[in-house]
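First up is the structure itself, then whatever we jot down about it.
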Amino acid sequence: MPDHHWETLPAALRLAIESHTGPVRAARSATAGSVSKFAATLDTATGHLFCKAIPTTNPLARMHRTEARLNPWLPDIAPRLRWTVEEAGWLALGFDHVPGRHADLSPGSTDLPLLADTLTALAQSLTPCPPVRVQAATKRWEGRLDGGLVDGDTLMHTDVTPFNFLLGARVHVIDWSMPCRGAAWLDAALMIVRLIRAGHSPEQAESWAAQIPAWKQAAPHALDAFADALAALWEQRRQESCAPHRGPLAVAARTWATYRRPPR
């Protein structure tokens with residue numbers, strides 16, 4: 001969770017932000033997020049906007065720089081980045097504010113078809129990958145599986161937590177800080193684990209994914225290998241940190257991998 005409020009940010013940073021926004025009348029802190037040290041909706045004289053910030057000495061500041069570099073290439077399903085401020089040892093990004101609620105992944109949720117449509121549209125609009133520097137999936141998954149299985153020319157979000165989907169008058173996909181260039185089915189595969197954690201069986205989760213053309217076109221052996229690699233990755237993350245979400249995601253990932261490769 002963000003641990004800074006507007007009033008606790010350095011005065012010089014607040015002044016630099018207000019040079020873009022005008023006076024900030026109120027700030028409503030975000031209720032989710034694990035990277036930014038400050039994340040809030042700002043109420044200004046010119047309207048609402050969303051701002052997130054992090055000290056430049058924090059190693060995770062690179063994720064904010066990645067998102068700032070990528071944003072101009074994204075379709076309007078992503079809120080537009082309006083300004084970047086670097087001041088007083090902090091990096092801040094200011095985005096259009098989009099109202100909405102987080103996605104509901106539970107079985108029977110009416111959000112599920114909307115999410116399938118969203119991932120379908122993203123894969124179509126972001127293939128080929130825009131000419132912007134992002135990590136290749138072959139590099140990200142190096143040492144975990146044959147890189148050729150995840151290679152491709154689609155820009156993928158990869159952090160498909162339900163908190164990164166905002167549903168209002170339309171669906172918006174936020175927080176593009178972990179993108180990669182790879183196979184067009186990767187986001188759908190990553191969502192499988194989220195669905196299983198939310199209460200779906202592996203069969204139900206894969207039935208949902210079958211609505212997405214890129215998933216239907218994926219080679220079964222590539223999905224098998226990816227499920228194994230993802231289970232190993234989440235187990236490693238669970239052992240590295242006691243963060244409460246990691247245990248359930250490790251269990252969900254292993255459940256999916258076992259479904260795809262049942263014990264003999």
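Going through the structure tokens in order, the chains are called A, B, and so on, while each chain numbers its residues from 1 and the ligands are numbered from 1 in the order shown.
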
- Task: Run DSSP on the backbone and grab whatever in region 87-195 of chain A lands in helix (DSSP H, G or I); send it over as number ranges by chain.
- Result: A: 111-125, 137-140, 147-149, 162-164, 186-195

Could you write those residues out with N, CA, C and O atoms, as a tab-separated table (two decimals), in the first residue's frame?
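Listed below is the output, out.tsv:
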chain	number	residue	atom	x	y	z
A	111	ASP	N	-18.56	-9.46	-14.97
A	111	ASP	CA	-17.35	-8.80	-15.47
A	111	ASP	C	-16.54	-9.72	-16.37
A	111	ASP	O	-15.72	-9.25	-17.19
A	112	LEU	N	-16.70	-11.03	-16.24
A	112	LEU	CA	-15.81	-11.97	-16.92
A	112	LEU	C	-15.85	-11.84	-18.45
A	112	LEU	O	-14.79	-11.81	-19.09
A	113	PRO	N	-17.03	-11.73	-19.09
A	113	PRO	CA	-17.03	-11.54	-20.54
A	113	PRO	C	-16.37	-10.23	-20.95
A	113	PRO	O	-15.69	-10.17	-21.99
A	114	LEU	N	-16.54	-9.18	-20.13
A	114	LEU	CA	-15.91	-7.89	-20.44
A	114	LEU	C	-14.39	-8.01	-20.41
A	114	LEU	O	-13.69	-7.43	-21.24
A	115	LEU	N	-13.87	-8.77	-19.46
A	115	LEU	CA	-12.42	-8.95	-19.36
A	115	LEU	C	-11.89	-9.75	-20.54
A	115	LEU	O	-10.81	-9.45	-21.07
A	116	ALA	N	-12.63	-10.76	-20.97
A	116	ALA	CA	-12.22	-11.53	-22.15
A	116	ALA	C	-12.19	-10.63	-23.38
A	116	ALA	O	-11.25	-10.68	-24.19
A	117	ASP	N	-13.21	-9.81	-23.53
A	117	ASP	CA	-13.25	-8.87	-24.66
A	117	ASP	C	-12.08	-7.89	-24.59
A	117	ASP	O	-11.49	-7.53	-25.62
A	118	THR	N	-11.76	-7.45	-23.38
A	118	THR	CA	-10.67	-6.48	-23.21
A	118	THR	C	-9.33	-7.09	-23.59
A	118	THR	O	-8.54	-6.46	-24.32
A	119	LEU	N	-9.05	-8.30	-23.13
A	119	LEU	CA	-7.78	-8.94	-23.48
A	119	LEU	C	-7.71	-9.25	-24.97
A	119	LEU	O	-6.63	-9.17	-25.58
A	120	THR	N	-8.86	-9.59	-25.56
A	120	THR	CA	-8.89	-9.82	-27.00
A	120	THR	C	-8.54	-8.55	-27.76
A	120	THR	O	-7.70	-8.56	-28.67
A	121	ALA	N	-9.16	-7.45	-27.37
A	121	ALA	CA	-8.93	-6.17	-28.04
A	121	ALA	C	-7.48	-5.71	-27.86
A	121	ALA	O	-6.87	-5.18	-28.80
A	122	LEU	N	-6.93	-5.90	-26.67
A	122	LEU	CA	-5.55	-5.49	-26.43
A	122	LEU	C	-4.58	-6.28	-27.30
A	122	LEU	O	-3.66	-5.70	-27.90
A	123	ALA	N	-4.77	-7.59	-27.37
A	123	ALA	CA	-3.86	-8.40	-28.18
A	123	ALA	C	-3.93	-7.99	-29.65
A	123	ALA	O	-2.90	-7.97	-30.35
A	124	GLN	N	-5.12	-7.65	-30.11
A	124	GLN	CA	-5.27	-7.25	-31.50
A	124	GLN	C	-4.65	-5.88	-31.77
A	124	GLN	O	-3.95	-5.69	-32.77
A	125	SER	N	-4.87	-4.93	-30.85
A	125	SER	CA	-4.40	-3.57	-31.09
A	125	SER	C	-2.91	-3.41	-30.82
A	125	SER	O	-2.28	-2.47	-31.32
A	137	ALA	N	9.69	-11.33	-23.66
A	137	ALA	CA	9.27	-12.46	-22.83
A	137	ALA	C	10.34	-13.54	-22.80
A	137	ALA	O	10.50	-14.24	-21.80
A	138	THR	N	11.09	-13.68	-23.88
A	138	THR	CA	12.16	-14.68	-23.90
A	138	THR	C	13.20	-14.38	-22.82
A	138	THR	O	13.75	-15.30	-22.20
A	139	LYS	N	13.44	-13.09	-22.57
A	139	LYS	CA	14.39	-12.71	-21.52
A	139	LYS	C	13.77	-12.88	-20.14
A	139	LYS	O	14.41	-13.39	-19.21
A	140	ARG	N	12.50	-12.46	-20.00
A	140	ARG	CA	11.86	-12.54	-18.69
A	140	ARG	C	11.75	-13.98	-18.19
A	140	ARG	O	11.88	-14.24	-16.99
A	147	GLY	N	12.60	-20.35	-24.42
A	147	GLY	CA	12.15	-19.02	-24.80
A	147	GLY	C	11.29	-18.99	-26.04
A	147	GLY	O	10.41	-18.12	-26.18
A	148	GLY	N	11.50	-19.93	-26.95
A	148	GLY	CA	10.71	-19.96	-28.17
A	148	GLY	C	9.23	-20.17	-27.92
A	148	GLY	O	8.39	-19.78	-28.74
A	149	LEU	N	8.89	-20.74	-26.77
A	149	LEU	CA	7.49	-21.00	-26.46
A	149	LEU	C	6.71	-19.73	-26.13
A	149	LEU	O	5.50	-19.69	-26.29
A	162	PRO	N	-6.87	-8.11	-10.62
A	162	PRO	CA	-8.15	-7.41	-10.83
A	162	PRO	C	-8.08	-5.93	-10.48
A	162	PRO	O	-8.89	-5.14	-10.96
A	163	PHE	N	-7.10	-5.52	-9.66
A	163	PHE	CA	-6.96	-4.11	-9.31
A	163	PHE	C	-6.52	-3.25	-10.50
A	163	PHE	O	-6.63	-2.03	-10.46
A	164	ASN	N	-6.01	-3.89	-11.54
A	164	ASN	CA	-5.54	-3.14	-12.71
A	164	ASN	C	-6.58	-3.03	-13.81
A	164	ASN	O	-6.28	-2.55	-14.91
A	186	LEU	N	-0.16	-14.63	-23.58
A	186	LEU	CA	0.42	-14.60	-22.24
A	186	LEU	C	-0.52	-14.00	-21.19
A	186	LEU	O	-0.64	-14.54	-20.08
A	187	ASP	N	-1.17	-12.88	-21.48
A	187	ASP	CA	-2.05	-12.27	-20.48
A	187	ASP	C	-3.21	-13.18	-20.13
A	187	ASP	O	-3.62	-13.26	-18.96
A	188	ALA	N	-3.75	-13.88	-21.12
A	188	ALA	CA	-4.84	-14.82	-20.84
A	188	ALA	C	-4.35	-15.94	-19.92
A	188	ALA	O	-5.05	-16.35	-18.98
A	189	ALA	N	-3.14	-16.44	-20.18
A	189	ALA	CA	-2.60	-17.51	-19.34
A	189	ALA	C	-2.35	-17.02	-17.92
A	189	ALA	O	-2.62	-17.73	-16.94
A	190	LEU	N	-1.85	-15.81	-17.78
A	190	LEU	CA	-1.62	-15.26	-16.45
A	190	LEU	C	-2.94	-15.05	-15.71
A	190	LEU	O	-3.01	-15.19	-14.48
A	191	MET	N	-4.00	-14.74	-16.44
A	191	MET	CA	-5.30	-14.55	-15.81
A	191	MET	C	-5.88	-15.87	-15.31
A	191	MET	O	-6.67	-15.88	-14.34
A	192	ILE	N	-5.51	-16.98	-15.92
A	192	ILE	CA	-6.00	-18.28	-15.47
A	192	ILE	C	-5.76	-18.46	-13.97
A	192	ILE	O	-6.65	-18.87	-13.21
A	193	VAL	N	-4.56	-18.14	-13.53
A	193	VAL	CA	-4.21	-18.31	-12.12
A	193	VAL	C	-5.05	-17.39	-11.24
A	193	VAL	O	-5.49	-17.78	-10.15
A	194	ARG	N	-5.29	-16.16	-11.70
A	194	ARG	CA	-6.14	-15.24	-10.94
A	194	ARG	C	-7.56	-15.78	-10.81
A	194	ARG	O	-8.20	-15.64	-9.76
A	195	LEU	N	-8.06	-16.38	-11.86
A	195	LEU	CA	-9.42	-16.93	-11.82
A	195	LEU	C	-9.51	-18.12	-10.87
A	195	LEU	O	-10.48	-18.25	-10.11

- Query: Which polymer residues have any atom within 10 Å of an atom of Cys129 (chain A), counting only C-alpha atoms, with same-chain residues fewer than 2 positions away left out, as a ChimeraX atom specification?
  - Reply: /A:73,123,125-127,131-134,152-156,180-182

- Which of A:Ile196, A:Met63, A:Val85, A:Leu15 sits closest to Gln135 (chain A) [using only C-alpha atoms]: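 For Gln135 (chain A), the nearest of the candidates is A:Met63.
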
- Would you list the contacts of region 43-45 of chain A as number ranges by chain, taking every protein, DNA or RNA residue within 6 Å and counting only C-alpha atoms, but skipping same-chain residues closer than 4 positions in sequence? A: 23-26

- Message: Just the number, please: distance in Å from CA of Gly247 (chain A) to CA of Ala232 (chain A), one decimal.
- Response: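 A separation of 12.4 Å between them.
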